[in-house]
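See below for the structure under consideration.
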Amino acid sequence: MLTLRSVSPAALALALLAAGPARAQEPADPHLALEGVETPSSLDWVKAENAKTLPALTGDARYQGLHDAALKVLAAKDRIAAPSFVGTSVFNFWQDADHVRGVWRRTSLESYRSADPKWETVIDLDALAKAEGKNWIWKGADCRPKTHDRCLINLSNGGKDAVEVREFDLTTKTFVKGGFFLPESKQTIDWLDADTLILTRDWGAGTTTDSGYGMVVKTLKRGQALEQAVEVFRGEKADVSARPHVLRDAKGNRVVLIERATDFFHTKTFLLDDAGKATLLPIPERSSIRGMVGGDLILTVEEAWNYEPMPSLGRNFPAGSLVSVSPKALLPKPPSSTGDIVISNDCDPCTIFAPGARQSIDQVAVTDNRVVAVIYDNVKGGIRSFSDHGEFGWRGQGLPGLDNAAVSIVATADAGDQVFYTVEGFITPTQLKLADATKAGAETVKTLPARFDASKLQVEQKEATSKDGTRIPYFLVSQKGAKPDGSAPTLLHAYGGFQISKLPVYDPLIGKLWLERGGSYAVANIRGGGEFGPAWHEAALKANRQRAYDDYFAVAENLISTKVTSPRHLGAYGRSNGGLLMGVALTQRPDLWNAVVVESPLLDMIRYTQLPAGASWIGEYGDPAIPAERAWISTYSPYQNLKAGVKYPLAYITTSTKDDRVHPGHARKFSARLADLGQPYMYYENTDGGHANGADPAANAKRWALHYTYLSRQLMDH
């Protein structure tokens with residue numbers, strides 16, 4: 001028998017491929033060794049690739065100017081300090097040139113609303129990392145309810161999703177000696193009460209799913225060691241995860257939910273009672289519980305729900321609806337001694353809002369007395385506050401916004417009905433508003449200063465027709481008065497997956513580094529996203545994945561046919577699932593582009609489930625272990641579809657060593673395959689930052705300067 005030490009990467013690949021009949025005829029993967037995240041051979045390969053790419057891009061005369069402009073934007077001290085509520089205080093995590101890793105700080109609401117808030121530093125992450133000799137990256141805080149005096153601080157080593165968790169005292173501004181401490185893991189934690197946590201994590205052998213997430217939920221009391229935690233729920237290894245969720249409302253109601261995600265989109269939701277019994281709730285598996293108001297659960301249903309507590313009685317809720325329902329309406333009913341049917345005048349469950357065909361609900365939050373939702377109509381956002389009127393149902397009123405804008409809920413108060421939200425447009429700087437959700441008005445608390453000159457820019461919403469006749473909307477930000485001669489350097493961005501919408505947001509980096517320098521920017525709202533609700537997403541799921549790619553190509557062809565640009569001046573950009581889109585754009589339609597930025601991508605879709613955390617995305621892409629599904633995944637998997645004899649545009653492929661969500665092996669192997677074929681490419685791997693690229697402003701400035709130096713060389717130079 002061969003040992004792992006004695007087998008070569010190619011031989012190991014052959015052994016793996018021969019494990020099942022569906023794989024027996026496939027060639028070995030010659031670059032399998034590059035999946036070793038931090039093996040010496042992989043890191044040597046990365047070092048060699050970086051040594052080729054960095055001098056070429058940083059040596060460009062434009063690089064330093066782009067870097068300095070990006071750093072000025074990212075480290076500007078007049079940015080809007082994004083607020084969050086902890087008790088009655090406003091907290092913010094802040095990074096700039098003086099606070100590279102960042103500071104977690106607080107002030108009063110009154111002070112925050114002023115032009116010059118007086119901030120008090122609570123945690124200095126730069127000082128903490130220096131004192132401990134660790135590469136700490138901030139991943140947020142979870143503060144205990146009611147008292148809001150202690151928080152669980154999430155610290156990541158280099159930006160990974162896995163975090164170390166420590167209890168912190170907000171009064172003394174110190175970590176609690178002997179307090180809760182949870183070693184590094186991908187973990188989900190909630191406060192059950194002031195001295196008890198309910199959580200899922202890697203507890204040891206047999207406690208994580210195939211996706212690498214926890215499947216065992218336990219309670220942990222103050223003073224207990226991890227091994228003393230008490231199991232209250234166990235999922236299955238094939239699940240994505242099992243995670244707890246504790247909901248509370250202003251009336252003192254509390255429910256403990258266990259969400260067992262059987263795939264990325266389907267979740268079985270259980271109500272955990274005080275005795276530890278978990279009861280499956282009869283809500284759609286494609287639904288999301290958003291909070292609780294007045295004892296009612298607030299959820300969005302992503303599939304049609306026919307609620308039938310008894311024969312001949314029922315309520316129908318179309319996919320995409322926002323719904324309220326009391327837990328008692330979902331629990332099994334004891335048999336009636338009289339056989340009488342009692343019907344309440346109150347609707348329970350009840351529709352709060354049902355979107356139309358070209359509408360979608362993007363965000364939902366709850367306050368003490370209201371449900372607040374961001375609703376998009378043809379990819380243009382608004383915000384509404386809904387109140388419960390008992391037997392008359394829910395009624396909504398709009399809160400102030402902007403035309404043709406993106407809207408985002410930022411924070412809601414721990415007590416009361418205050419809500420922070422932003423409104424912005426492609427060339428309209430972000431405004432932060434504060435509203436009382438029980439009233440009609442809102443105060444503009446902060447406005448971001450203009451970061452680029454937009455006086456010569458225009459924004460249009462257009463449509464392209466996809467291969468199957470579907471109308472695909474897209475936004476185009478372009479130079480006023482530009483001649484339609486195909487010469488405009490144009491960057492086309494899209495995502496097309498996981499029901500994530502691409503919205504008209506104000507991006508200072510695109511504005512300063514691209515638009516202000518004469519470029520145009522297009523955003524395609526392709527299927528697979530959430531722009532028009534669940535149906536828009538489901539249209540490009542699994543076997544129908546090619547529709548998302550056809551939509552993207554249709555927008556590119558529309559930009560070319562209307563002479564906004566031409567293949568010589570058209571570039572493509574996407575990351576993560578959008579990086580997969582870029583790999584497909586490169587392999588299926590190399591004729592459309594002269595630049596393709598492939599960032600943090602999935603590219604080997606035949607092996608994606610075998611790389612962390614790939615198995616969690618089977619609900620989106622399908623399972624290559626199933627022959628029928630492997631067949632249609634093989635038709636587009638970029639790594640396997642690179643071919644000899646095809647001329648590919650020069651691609652820029654980039655990822656992070658610390659990315660524990662989308663494995664860096666995807667980008668590495670794809671680049672190595674291009675090298676095998678003698679094709680041009682540029683590769684850069686950042687050693688920190690993780691999937692979110694959240695290391696620090698300086699690292700992000702370098703990242704974006706590299707992107708736009710490459711794009712300038714490919715699309716602006718003649």
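We label chains A, B, ... in the order they appear in the structure tokens, count residues from 1 in each chain, and number ligands from 1 in the order shown.
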List the spatial neighbours of Asp659 of chain A as an mmCIF file with N, CA, C and O atoms, in the first residue's frame - criterion: any atom at most 12 Å away, only C-alpha atoms, same-chain residues fewer than 3 positions off excluded.
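Resulting contents of result_34.cif:
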```cif
data_model
loop_
_atom_site.group_PDB
_atom_site.id
_atom_site.type_symbol
_atom_site.label_atom_id
_atom_site.label_comp_id
_atom_site.auth_asym_id
_atom_site.auth_seq_id
_atom_site.Cartn_x
_atom_site.Cartn_y
_atom_site.Cartn_z
ATOM 1 N N VAL A 37 -2.328 24.441 1.179
ATOM 2 C CA VAL A 37 -2.415 25.893 1.379
ATOM 3 C C VAL A 37 -1.066 26.500 1.741
ATOM 4 O O VAL A 37 -0.627 27.491 1.139
ATOM 5 N N GLU A 38 -0.389 25.914 2.709
ATOM 6 C CA GLU A 38 0.868 26.505 3.166
ATOM 7 C C GLU A 38 2.006 25.486 3.157
ATOM 8 O O GLU A 38 2.934 25.574 3.957
ATOM 9 N N SER A 156 -9.720 37.121 14.404
ATOM 10 C CA SER A 156 -9.299 36.201 13.347
ATOM 11 C C SER A 156 -7.799 36.306 13.120
ATOM 12 O O SER A 156 -7.239 37.401 13.090
ATOM 13 N N ASN A 157 -7.170 35.174 12.938
ATOM 14 C CA ASN A 157 -5.745 35.141 12.613
ATOM 15 C C ASN A 157 -5.584 35.346 11.116
ATOM 16 O O ASN A 157 -5.757 34.423 10.336
ATOM 17 N N GLY A 158 -5.283 36.574 10.724
ATOM 18 C CA GLY A 158 -5.009 36.869 9.324
ATOM 19 C C GLY A 158 -6.215 37.055 8.447
ATOM 20 O O GLY A 158 -6.079 37.174 7.233
ATOM 21 N N GLY A 159 -7.405 37.068 9.016
ATOM 22 C CA GLY A 159 -8.608 37.307 8.229
ATOM 23 C C GLY A 159 -9.431 36.077 7.929
ATOM 24 O O GLY A 159 -10.421 36.153 7.192
ATOM 25 N N LYS A 160 -9.064 34.932 8.490
ATOM 26 C CA LYS A 160 -9.835 33.713 8.257
ATOM 27 C C LYS A 160 -11.243 33.839 8.835
ATOM 28 O O LYS A 160 -11.494 34.635 9.724
ATOM 29 N N ASP A 161 -12.163 32.995 8.331
ATOM 30 C CA ASP A 161 -13.504 32.940 8.905
ATOM 31 C C ASP A 161 -13.479 32.330 10.308
ATOM 32 O O ASP A 161 -14.306 32.654 11.154
ATOM 33 N N ALA A 162 -12.549 31.430 10.531
ATOM 34 C CA ALA A 162 -12.390 30.842 11.867
ATOM 35 C C ALA A 162 -11.897 31.922 12.830
ATOM 36 O O ALA A 162 -11.012 32.709 12.502
ATOM 37 N N SER A 576 -15.124 35.779 -5.940
ATOM 38 C CA SER A 576 -15.821 34.693 -5.263
ATOM 39 C C SER A 576 -16.675 33.932 -6.288
ATOM 40 O O SER A 576 -16.144 33.450 -7.286
ATOM 41 N N GLU A 599 -10.944 37.257 -9.166
ATOM 42 C CA GLU A 599 -10.545 37.459 -7.774
ATOM 43 C C GLU A 599 -11.222 36.450 -6.847
ATOM 44 O O GLU A 599 -12.427 36.219 -6.943
ATOM 45 N N SER A 600 -10.428 35.861 -5.941
ATOM 46 C CA SER A 600 -10.923 34.910 -4.931
ATOM 47 C C SER A 600 -11.899 33.911 -5.549
ATOM 48 O O SER A 600 -13.003 33.708 -5.040
ATOM 49 N N PRO A 601 -11.507 33.239 -6.626
ATOM 50 C CA PRO A 601 -12.494 32.507 -7.432
ATOM 51 C C PRO A 601 -12.661 31.044 -7.072
ATOM 52 O O PRO A 601 -11.782 30.396 -6.515
ATOM 53 N N LEU A 602 -13.815 30.498 -7.450
ATOM 54 C CA LEU A 602 -13.995 29.063 -7.630
ATOM 55 C C LEU A 602 -13.724 28.783 -9.108
ATOM 56 O O LEU A 602 -14.287 29.465 -9.976
ATOM 57 N N LEU A 611 -12.827 20.830 -1.235
ATOM 58 C CA LEU A 611 -12.010 21.909 -0.687
ATOM 59 C C LEU A 611 -12.873 22.724 0.269
ATOM 60 O O LEU A 611 -14.015 23.054 -0.052
ATOM 61 N N PRO A 612 -12.342 23.075 1.445
ATOM 62 C CA PRO A 612 -13.146 23.857 2.404
ATOM 63 C C PRO A 612 -13.556 25.180 1.765
ATOM 64 O O PRO A 612 -12.722 25.819 1.128
ATOM 65 N N ALA A 613 -14.776 25.654 1.940
ATOM 66 C CA ALA A 613 -15.943 25.018 2.503
ATOM 67 C C ALA A 613 -16.914 24.669 1.376
ATOM 68 O O ALA A 613 -18.087 24.939 1.396
ATOM 69 N N THR A 654 -6.153 36.581 -8.781
ATOM 70 C CA THR A 654 -5.663 36.972 -7.460
ATOM 71 C C THR A 654 -6.495 36.322 -6.359
ATOM 72 O O THR A 654 -7.700 36.110 -6.514
ATOM 73 N N THR A 655 -5.838 35.990 -5.263
ATOM 74 C CA THR A 655 -6.506 35.363 -4.133
ATOM 75 C C THR A 655 -5.716 35.653 -2.867
ATOM 76 O O THR A 655 -4.783 36.458 -2.884
ATOM 77 N N SER A 656 -6.086 34.989 -1.761
ATOM 78 C CA SER A 656 -5.420 35.180 -0.471
ATOM 79 C C SER A 656 -5.077 33.819 0.129
ATOM 80 O O SER A 656 -5.902 32.901 0.117
ATOM 81 N N VAL A 662 -13.130 30.326 0.176
ATOM 82 C CA VAL A 662 -12.866 29.834 -1.179
ATOM 83 C C VAL A 662 -11.378 29.509 -1.252
ATOM 84 O O VAL A 662 -10.534 30.398 -1.195
ATOM 85 N N HIS A 663 -11.064 28.256 -1.371
ATOM 86 C CA HIS A 663 -9.698 27.750 -1.273
ATOM 87 C C HIS A 663 -8.784 28.392 -2.332
ATOM 88 O O HIS A 663 -9.144 28.476 -3.510
ATOM 89 N N PRO A 664 -7.590 28.843 -1.934
ATOM 90 C CA PRO A 664 -6.678 29.456 -2.905
ATOM 91 C C PRO A 664 -6.209 28.500 -3.989
ATOM 92 O O PRO A 664 -5.697 28.927 -5.034
ATOM 93 N N GLY A 665 -6.387 27.187 -3.766
ATOM 94 C CA GLY A 665 -6.004 26.221 -4.785
ATOM 95 C C GLY A 665 -6.703 26.432 -6.108
ATOM 96 O O GLY A 665 -6.153 26.112 -7.176
ATOM 97 N N HIS A 666 -7.920 26.958 -6.092
ATOM 98 C CA HIS A 666 -8.639 27.223 -7.345
ATOM 99 C C HIS A 666 -7.834 28.159 -8.240
ATOM 100 O O HIS A 666 -7.597 27.871 -9.420
ATOM 101 N N ALA A 667 -7.458 29.302 -7.688
ATOM 102 C CA ALA A 667 -6.735 30.303 -8.471
ATOM 103 C C ALA A 667 -5.356 29.797 -8.873
ATOM 104 O O ALA A 667 -4.887 30.043 -9.996
ATOM 105 N N GLU A 685 -0.955 36.595 -5.110
ATOM 106 C CA GLU A 685 -1.595 36.043 -3.923
ATOM 107 C C GLU A 685 -1.165 36.830 -2.693
ATOM 108 O O GLU A 685 0.029 36.871 -2.360
ATOM 109 N N ASN A 686 -2.145 37.443 -2.044
ATOM 110 C CA ASN A 686 -1.891 38.152 -0.793
ATOM 111 C C ASN A 686 -1.828 37.129 0.336
ATOM 112 O O ASN A 686 -2.638 36.214 0.398
ATOM 113 N N THR A 687 -0.859 37.274 1.230
ATOM 114 C CA THR A 687 -0.695 36.285 2.299
ATOM 115 C C THR A 687 -1.667 36.488 3.446
ATOM 116 O O THR A 687 -1.821 35.613 4.293
ATOM 117 N N ASP A 688 -2.337 37.655 3.515
ATOM 118 C CA ASP A 688 -3.298 37.944 4.579
ATOM 119 C C ASP A 688 -4.624 38.384 3.976
ATOM 120 O O ASP A 688 -4.781 38.464 2.764
ATOM 121 N N GLY A 689 -5.573 38.711 4.871
ATOM 122 C CA GLY A 689 -6.814 39.321 4.428
ATOM 123 C C GLY A 689 -8.010 38.407 4.396
ATOM 124 O O GLY A 689 -9.127 38.833 4.608
ATOM 125 N N GLY A 690 -7.810 37.099 4.114
ATOM 126 C CA GLY A 690 -8.949 36.200 4.060
ATOM 127 C C GLY A 690 -9.850 36.494 2.876
ATOM 128 O O GLY A 690 -9.523 37.279 1.985
ATOM 129 N N HIS A 691 -11.020 35.845 2.873
ATOM 130 C CA HIS A 691 -11.941 36.005 1.746
ATOM 131 C C HIS A 691 -12.497 37.422 1.675
ATOM 132 O O HIS A 691 -12.777 37.930 0.596
ATOM 133 N N ALA A 692 -12.635 38.071 2.831
ATOM 134 C CA ALA A 692 -13.221 39.416 2.852
ATOM 135 C C ALA A 692 -12.205 40.509 2.565
ATOM 136 O O ALA A 692 -12.565 41.683 2.488
ATOM 137 N N ASN A 693 -10.928 40.151 2.406
ATOM 138 C CA ASN A 693 -9.878 41.145 2.153
ATOM 139 C C ASN A 693 -9.912 42.273 3.176
ATOM 140 O O ASN A 693 -9.782 43.444 2.844
ATOM 141 N N GLY A 694 -10.080 41.915 4.447
ATOM 142 C CA GLY A 694 -10.287 42.929 5.475
ATOM 143 C C GLY A 694 -9.104 43.177 6.365
ATOM 144 O O GLY A 694 -9.270 43.528 7.528
ATOM 145 N N ALA A 695 -7.881 42.958 5.862
ATOM 146 C CA ALA A 695 -6.718 43.067 6.738
ATOM 147 C C ALA A 695 -6.508 44.493 7.237
ATOM 148 O O ALA A 695 -6.536 44.758 8.432
#
```
Can you pull out the residues contacting Ala357 of chain A? Cut-off 7 Å, using only C-alpha atoms, and skip same-chain residues under 2 positions away; I want them as a PyMOL selection string.
chain A and resi 355+359+532
Using N, CA, C and O atoms, can you export the residues from the last selection as a JSON list (two decimals), in the first residue's frame?
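For reference, again18.json as written:
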```json
[["chain", "number", "residue", "atom", "x", "y", "z"],
["A", 355, "PRO", "N", -43.95, 41.00, -2.66],
["A", 355, "PRO", "CA", -43.40, 41.73, -3.80],
["A", 355, "PRO", "C", -44.07, 41.36, -5.12],
["A", 355, "PRO", "O", -44.57, 40.24, -5.30],
["A", 359, "GLN", "N", -40.06, 43.12, -8.26],
["A", 359, "GLN", "CA", -39.68, 43.63, -6.94],
["A", 359, "GLN", "C", -38.99, 42.53, -6.14],
["A", 359, "GLN", "O", -39.09, 41.34, -6.46],
["A", 532, "PHE", "N", -34.74, 40.21, -8.51],
["A", 532, "PHE", "CA", -36.19, 40.06, -8.68],
["A", 532, "PHE", "C", -36.72, 38.89, -7.86],
["A", 532, "PHE", "O", -37.66, 38.20, -8.26]]
```
Mind checking DSSP for segment 4-135 of chain A and telling me the strand (DSSP E or B) residues as a PyMOL selection string?
chain A and resi 84-86+89-96+99-108+120-124
Residues within 10 Å of Gly481 of chain A, please, as a compact mmCIF listing (two decimals) with N, CA, C and O atoms, in the first residue's frame. Count only C-alpha atoms; anything in the same chain fewer than 4 positions from it doesn't count.
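And here is the file that came out, out_17.txt:
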```
# COMPACT_ATOMS: atom_id res chain seq x y z
N LYS A 456 -18.94 64.99 -14.87
CA LYS A 456 -18.91 64.59 -16.28
C LYS A 456 -19.50 63.20 -16.49
O LYS A 456 -19.36 62.62 -17.58
N LEU A 457 -20.16 62.67 -15.47
CA LEU A 457 -20.67 61.31 -15.54
C LEU A 457 -22.19 61.27 -15.65
O LEU A 457 -22.88 62.17 -15.17
N GLN A 458 -22.70 60.22 -16.25
CA GLN A 458 -24.14 59.99 -16.33
C GLN A 458 -24.42 58.53 -15.99
O GLN A 458 -23.56 57.66 -16.17
```
Using only C-alpha atoms, tabulate the residues of segment 619-713 of chain A lying at most 12 Å from any atom of segment 47-60 of chain A, each with its closest atom pair and that distance in Å to one decimal, by chain and increasing residue number, as a tab-separated table.
```
residue	atom	partner	partner_atom	distance
A:Ala651	CA	A:Thr53	CA	11.6
A:Tyr652	CA	A:Thr53	CA	9.2
A:Ile653	CA	A:Thr53	CA	10.2
A:Thr654	CA	A:Asn50	CA	9.9
A:Thr655	CA	A:Asn50	CA	11.3
A:Ser656	CA	A:Asn50	CA	11.9
A:Thr657	CA	A:Lys47	CA	11.4
A:Ala667	CA	A:Glu49	CA	11.8
A:Arg668	CA	A:Glu49	CA	9.5
A:Ser671	CA	A:Glu49	CA	9.4
A:Ala672	CA	A:Glu49	CA	9.8
A:Ala675	CA	A:Glu49	CA	10.9
A:Pro680	CA	A:Thr53	CA	11.5
A:Tyr681	CA	A:Thr53	CA	9.1
A:Met682	CA	A:Thr53	CA	5.7
A:Tyr683	CA	A:Glu49	CA	6.0
A:Tyr684	CA	A:Asn50	CA	5.2
A:Glu685	CA	A:Asn50	CA	6.8
A:Asn686	CA	A:Asn50	CA	8.9
A:Thr687	CA	A:Lys47	CA	10.1
A:Lys702	CA	A:Thr58	CA	9.2
A:Arg703	CA	A:Leu54	CA	10.9
A:Trp704	CA	A:Leu57	CA	11.5
A:Ala705	CA	A:Thr58	CA	8.5
A:Leu706	CA	A:Leu57	CA	6.3
A:His707	CA	A:Leu57	CA	9.0
A:Tyr708	CA	A:Leu57	CA	9.5
A:Thr709	CA	A:Leu57	CA	6.3
A:Tyr710	CA	A:Leu57	CA	6.7
A:Leu711	CA	A:Leu57	CA	10.3
A:Ser712	CA	A:Asp60	CA	10.0
A:Arg713	CA	A:Asp60	CA	8.7
```
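Taking only C-alpha atoms, the non-local environment of Arg260 of chain A within 6 Å (same-chain residues fewer than 4 positions away omitted) comprises Ala242, Thr267 and Lys268 of chain A.
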Create the file for the chosen residues now, containing all heavy atoms and written as a tab-separated table (two decimals), in the first residue's frame.
```
chain	number	residue	atom	x	y	z
A	242	ALA	N	-25.35	23.18	11.73
A	242	ALA	CA	-26.46	23.38	12.66
A	242	ALA	C	-26.05	24.54	13.55
A	242	ALA	O	-24.92	24.57	14.06
A	242	ALA	CB	-26.72	22.13	13.49
A	267	THR	N	-33.23	24.97	5.09
A	267	THR	CA	-32.98	24.89	6.53
A	267	THR	C	-34.20	24.32	7.23
A	267	THR	O	-35.33	24.78	7.01
A	267	THR	CB	-32.68	26.29	7.10
A	267	THR	OG1	-31.50	26.81	6.47
A	267	THR	CG2	-32.46	26.23	8.60
A	268	LYS	N	-33.97	23.33	8.07
A	268	LYS	CA	-35.01	22.82	8.96
A	268	LYS	C	-34.87	23.59	10.27
A	268	LYS	O	-33.81	23.59	10.89
A	268	LYS	CB	-34.84	21.32	9.19
A	268	LYS	CG	-35.04	20.48	7.93
A	268	LYS	CD	-34.87	18.99	8.25
A	268	LYS	CE	-35.01	18.13	7.00
A	268	LYS	NZ	-36.36	18.16	6.42
```
Separation of atom CA of Val232 of chain A from atom CA of Leu155 of chain A, in Å and rounded to one decimal:
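Distance reported for this atom pair: 26.3 Å.
Between atom CA of Ile472 of chain A and atom CA of Ser637 of chain A there is a distance of 23.4 Å.
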Extract, using only C-alpha atoms, all DNA, RNA and protein residues at most 7 Å from Asp202 of chain A, discarding same-chain residues fewer than 3 positions from it, and format them as a CSV table (one decimal) with N, CA and C atoms, in the first residue's frame.
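result-v7.csv was written with the following content:
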```csv
chain,number,residue,atom,x,y,z
A,185,SER,N,-12.1,28.5,15.8
A,185,SER,CA,-13.0,27.6,15.1
A,185,SER,C,-13.9,28.4,14.3
A,207,THR,N,-17.9,16.0,15.0
A,207,THR,CA,-18.8,17.1,15.3
A,207,THR,C,-18.9,18.2,14.2
A,208,THR,N,-18.2,18.0,13.1
A,208,THR,CA,-18.3,19.0,12.0
A,208,THR,C,-18.9,18.3,10.8
A,214,GLY,N,-19.8,23.5,12.3
A,214,GLY,CA,-20.3,22.7,13.4
A,214,GLY,C,-21.7,22.1,13.1
```
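Considering only C-alpha atoms, the residue among A:Cys347, A:Ala405, A:Leu297, A:Ile560 positioned nearest to Ile375 of chain A is A:Ala405.
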Could you go through segment 475-556 of chain A and tell me which residues DSSP, when run on the backbone, assigns to alpha helix (DSSP H), listing them as a ChimeraX atom specification?
/A:508-513,534-538,546-556
Write a file of the selected residues as a tab-separated table (two decimals), in the first residue's frame, keeping N, CA, C and O atoms.
```tsv
chain	number	residue	atom	x	y	z
A	508	PRO	N	-16.35	54.85	-3.94
A	508	PRO	CA	-15.31	55.86	-4.17
A	508	PRO	C	-14.10	55.33	-4.92
A	508	PRO	O	-13.46	56.08	-5.66
A	509	LEU	N	-13.77	54.04	-4.75
A	509	LEU	CA	-12.59	53.50	-5.42
A	509	LEU	C	-12.82	53.38	-6.92
A	509	LEU	O	-11.96	53.76	-7.71
A	510	ILE	N	-13.97	52.88	-7.32
A	510	ILE	CA	-14.28	52.83	-8.76
A	510	ILE	C	-14.34	54.24	-9.33
A	510	ILE	O	-13.82	54.51	-10.42
A	511	GLY	N	-14.93	55.15	-8.57
A	511	GLY	CA	-15.04	56.52	-9.04
A	511	GLY	C	-13.70	57.18	-9.23
A	511	GLY	O	-13.43	57.81	-10.27
A	512	LYS	N	-12.83	57.06	-8.23
A	512	LYS	CA	-11.54	57.77	-8.26
A	512	LYS	C	-10.53	57.08	-9.16
A	512	LYS	O	-9.79	57.74	-9.90
A	513	LEU	N	-10.48	55.77	-9.12
A	513	LEU	CA	-9.43	55.04	-9.82
A	513	LEU	C	-9.81	54.67	-11.25
A	513	LEU	O	-8.93	54.28	-12.03
A	534	PRO	N	-36.73	35.27	-5.35
A	534	PRO	CA	-36.27	33.88	-5.43
A	534	PRO	C	-36.30	33.30	-6.85
A	534	PRO	O	-35.42	32.52	-7.20
A	535	ALA	N	-37.29	33.67	-7.64
A	535	ALA	CA	-37.39	33.09	-8.98
A	535	ALA	C	-36.21	33.48	-9.86
A	535	ALA	O	-35.74	32.69	-10.69
A	536	TRP	N	-35.72	34.69	-9.68
A	536	TRP	CA	-34.56	35.18	-10.46
A	536	TRP	C	-33.32	34.37	-10.08
A	536	TRP	O	-32.49	34.05	-10.93
A	537	HIS	N	-33.21	34.04	-8.82
A	537	HIS	CA	-32.10	33.21	-8.36
A	537	HIS	C	-32.24	31.78	-8.87
A	537	HIS	O	-31.30	31.21	-9.44
A	538	GLU	N	-33.40	31.20	-8.68
A	538	GLU	CA	-33.60	29.80	-9.02
A	538	GLU	C	-33.48	29.54	-10.52
A	538	GLU	O	-33.17	28.42	-10.94
A	546	GLN	N	-25.80	27.84	-16.74
A	546	GLN	CA	-25.35	28.51	-17.96
A	546	GLN	C	-26.15	29.77	-18.24
A	546	GLN	O	-25.65	30.69	-18.90
A	547	ARG	N	-27.38	29.84	-17.74
A	547	ARG	CA	-28.19	31.04	-17.98
A	547	ARG	C	-27.52	32.29	-17.42
A	547	ARG	O	-27.57	33.36	-18.04
A	548	ALA	N	-26.91	32.18	-16.24
A	548	ALA	CA	-26.23	33.34	-15.66
A	548	ALA	C	-25.11	33.80	-16.57
A	548	ALA	O	-24.90	35.01	-16.78
A	549	TYR	N	-24.37	32.85	-17.13
A	549	TYR	CA	-23.26	33.19	-18.00
A	549	TYR	C	-23.75	33.77	-19.32
A	549	TYR	O	-23.18	34.75	-19.83
A	550	ASP	N	-24.83	33.20	-19.85
A	550	ASP	CA	-25.41	33.75	-21.08
A	550	ASP	C	-25.91	35.18	-20.86
A	550	ASP	O	-25.78	36.03	-21.75
A	551	ASP	N	-26.48	35.43	-19.69
A	551	ASP	CA	-26.95	36.79	-19.37
A	551	ASP	C	-25.77	37.77	-19.38
A	551	ASP	O	-25.88	38.89	-19.91
A	552	TYR	N	-24.68	37.37	-18.78
A	552	TYR	CA	-23.50	38.24	-18.71
A	552	TYR	C	-22.94	38.51	-20.11
A	552	TYR	O	-22.62	39.65	-20.45
A	553	PHE	N	-22.88	37.47	-20.92
A	553	PHE	CA	-22.39	37.66	-22.28
A	553	PHE	C	-23.33	38.56	-23.08
A	553	PHE	O	-22.88	39.36	-23.91
A	554	ALA	N	-24.64	38.45	-22.81
A	554	ALA	CA	-25.61	39.29	-23.52
A	554	ALA	C	-25.39	40.76	-23.21
A	554	ALA	O	-25.49	41.63	-24.10
A	555	VAL	N	-25.11	41.08	-21.96
A	555	VAL	CA	-24.84	42.47	-21.60
A	555	VAL	C	-23.56	42.94	-22.27
A	555	VAL	O	-23.48	44.06	-22.80
A	556	ALA	N	-22.52	42.12	-22.27
A	556	ALA	CA	-21.28	42.48	-22.95
A	556	ALA	C	-21.52	42.74	-24.43
A	556	ALA	O	-21.03	43.73	-25.00
```
I'd like the contact shell of Asp210 of chain A - 10 Å cut-off, only C-alpha atoms, skipping same-chain residues fewer than 6 positions apart - returned as a compact mmCIF listing (two decimals) with N, CA and C atoms, in the first residue's frame.
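In the end it all went to around32.txt:
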```
# COMPACT_ATOMS: atom_id res chain seq x y z
N GLU A 236 -26.54 16.40 10.95
CA GLU A 236 -25.96 15.28 10.23
C GLU A 236 -24.72 15.73 9.46
N LYS A 237 -23.82 14.79 9.22
CA LYS A 237 -22.55 15.12 8.59
C LYS A 237 -22.73 15.71 7.20
N ALA A 238 -23.77 15.30 6.49
CA ALA A 238 -24.01 15.81 5.14
C ALA A 238 -24.61 17.21 5.13
N ASP A 239 -25.04 17.70 6.29
CA ASP A 239 -25.58 19.06 6.37
C ASP A 239 -24.48 20.09 6.09
N VAL A 240 -24.90 21.34 5.89
CA VAL A 240 -23.94 22.44 5.88
C VAL A 240 -23.54 22.78 7.31
N SER A 241 -24.54 22.93 8.19
CA SER A 241 -24.26 23.28 9.58
C SER A 241 -25.52 23.14 10.41
N THR A 609 -16.17 20.61 -4.04
CA THR A 609 -16.77 20.08 -2.81
C THR A 609 -15.74 19.45 -1.89
N GLN A 610 -14.55 19.16 -2.40
CA GLN A 610 -13.51 18.54 -1.59
C GLN A 610 -12.56 19.56 -0.98
N LEU A 611 -12.83 20.83 -1.24
CA LEU A 611 -12.01 21.91 -0.69
C LEU A 611 -12.87 22.72 0.27
N PRO A 612 -12.34 23.07 1.44
CA PRO A 612 -13.15 23.86 2.40
C PRO A 612 -13.56 25.18 1.76
N ALA A 613 -14.78 25.65 1.94
CA ALA A 613 -15.94 25.02 2.50
C ALA A 613 -16.91 24.67 1.38
N GLY A 614 -16.35 24.01 0.35
CA GLY A 614 -17.08 23.80 -0.89
C GLY A 614 -18.36 23.01 -0.77
N ALA A 615 -18.38 22.00 0.11
CA ALA A 615 -19.57 21.17 0.20
C ALA A 615 -20.81 21.96 0.60
N SER A 616 -20.62 23.11 1.21
CA SER A 616 -21.77 23.92 1.63
C SER A 616 -22.50 24.54 0.45
```
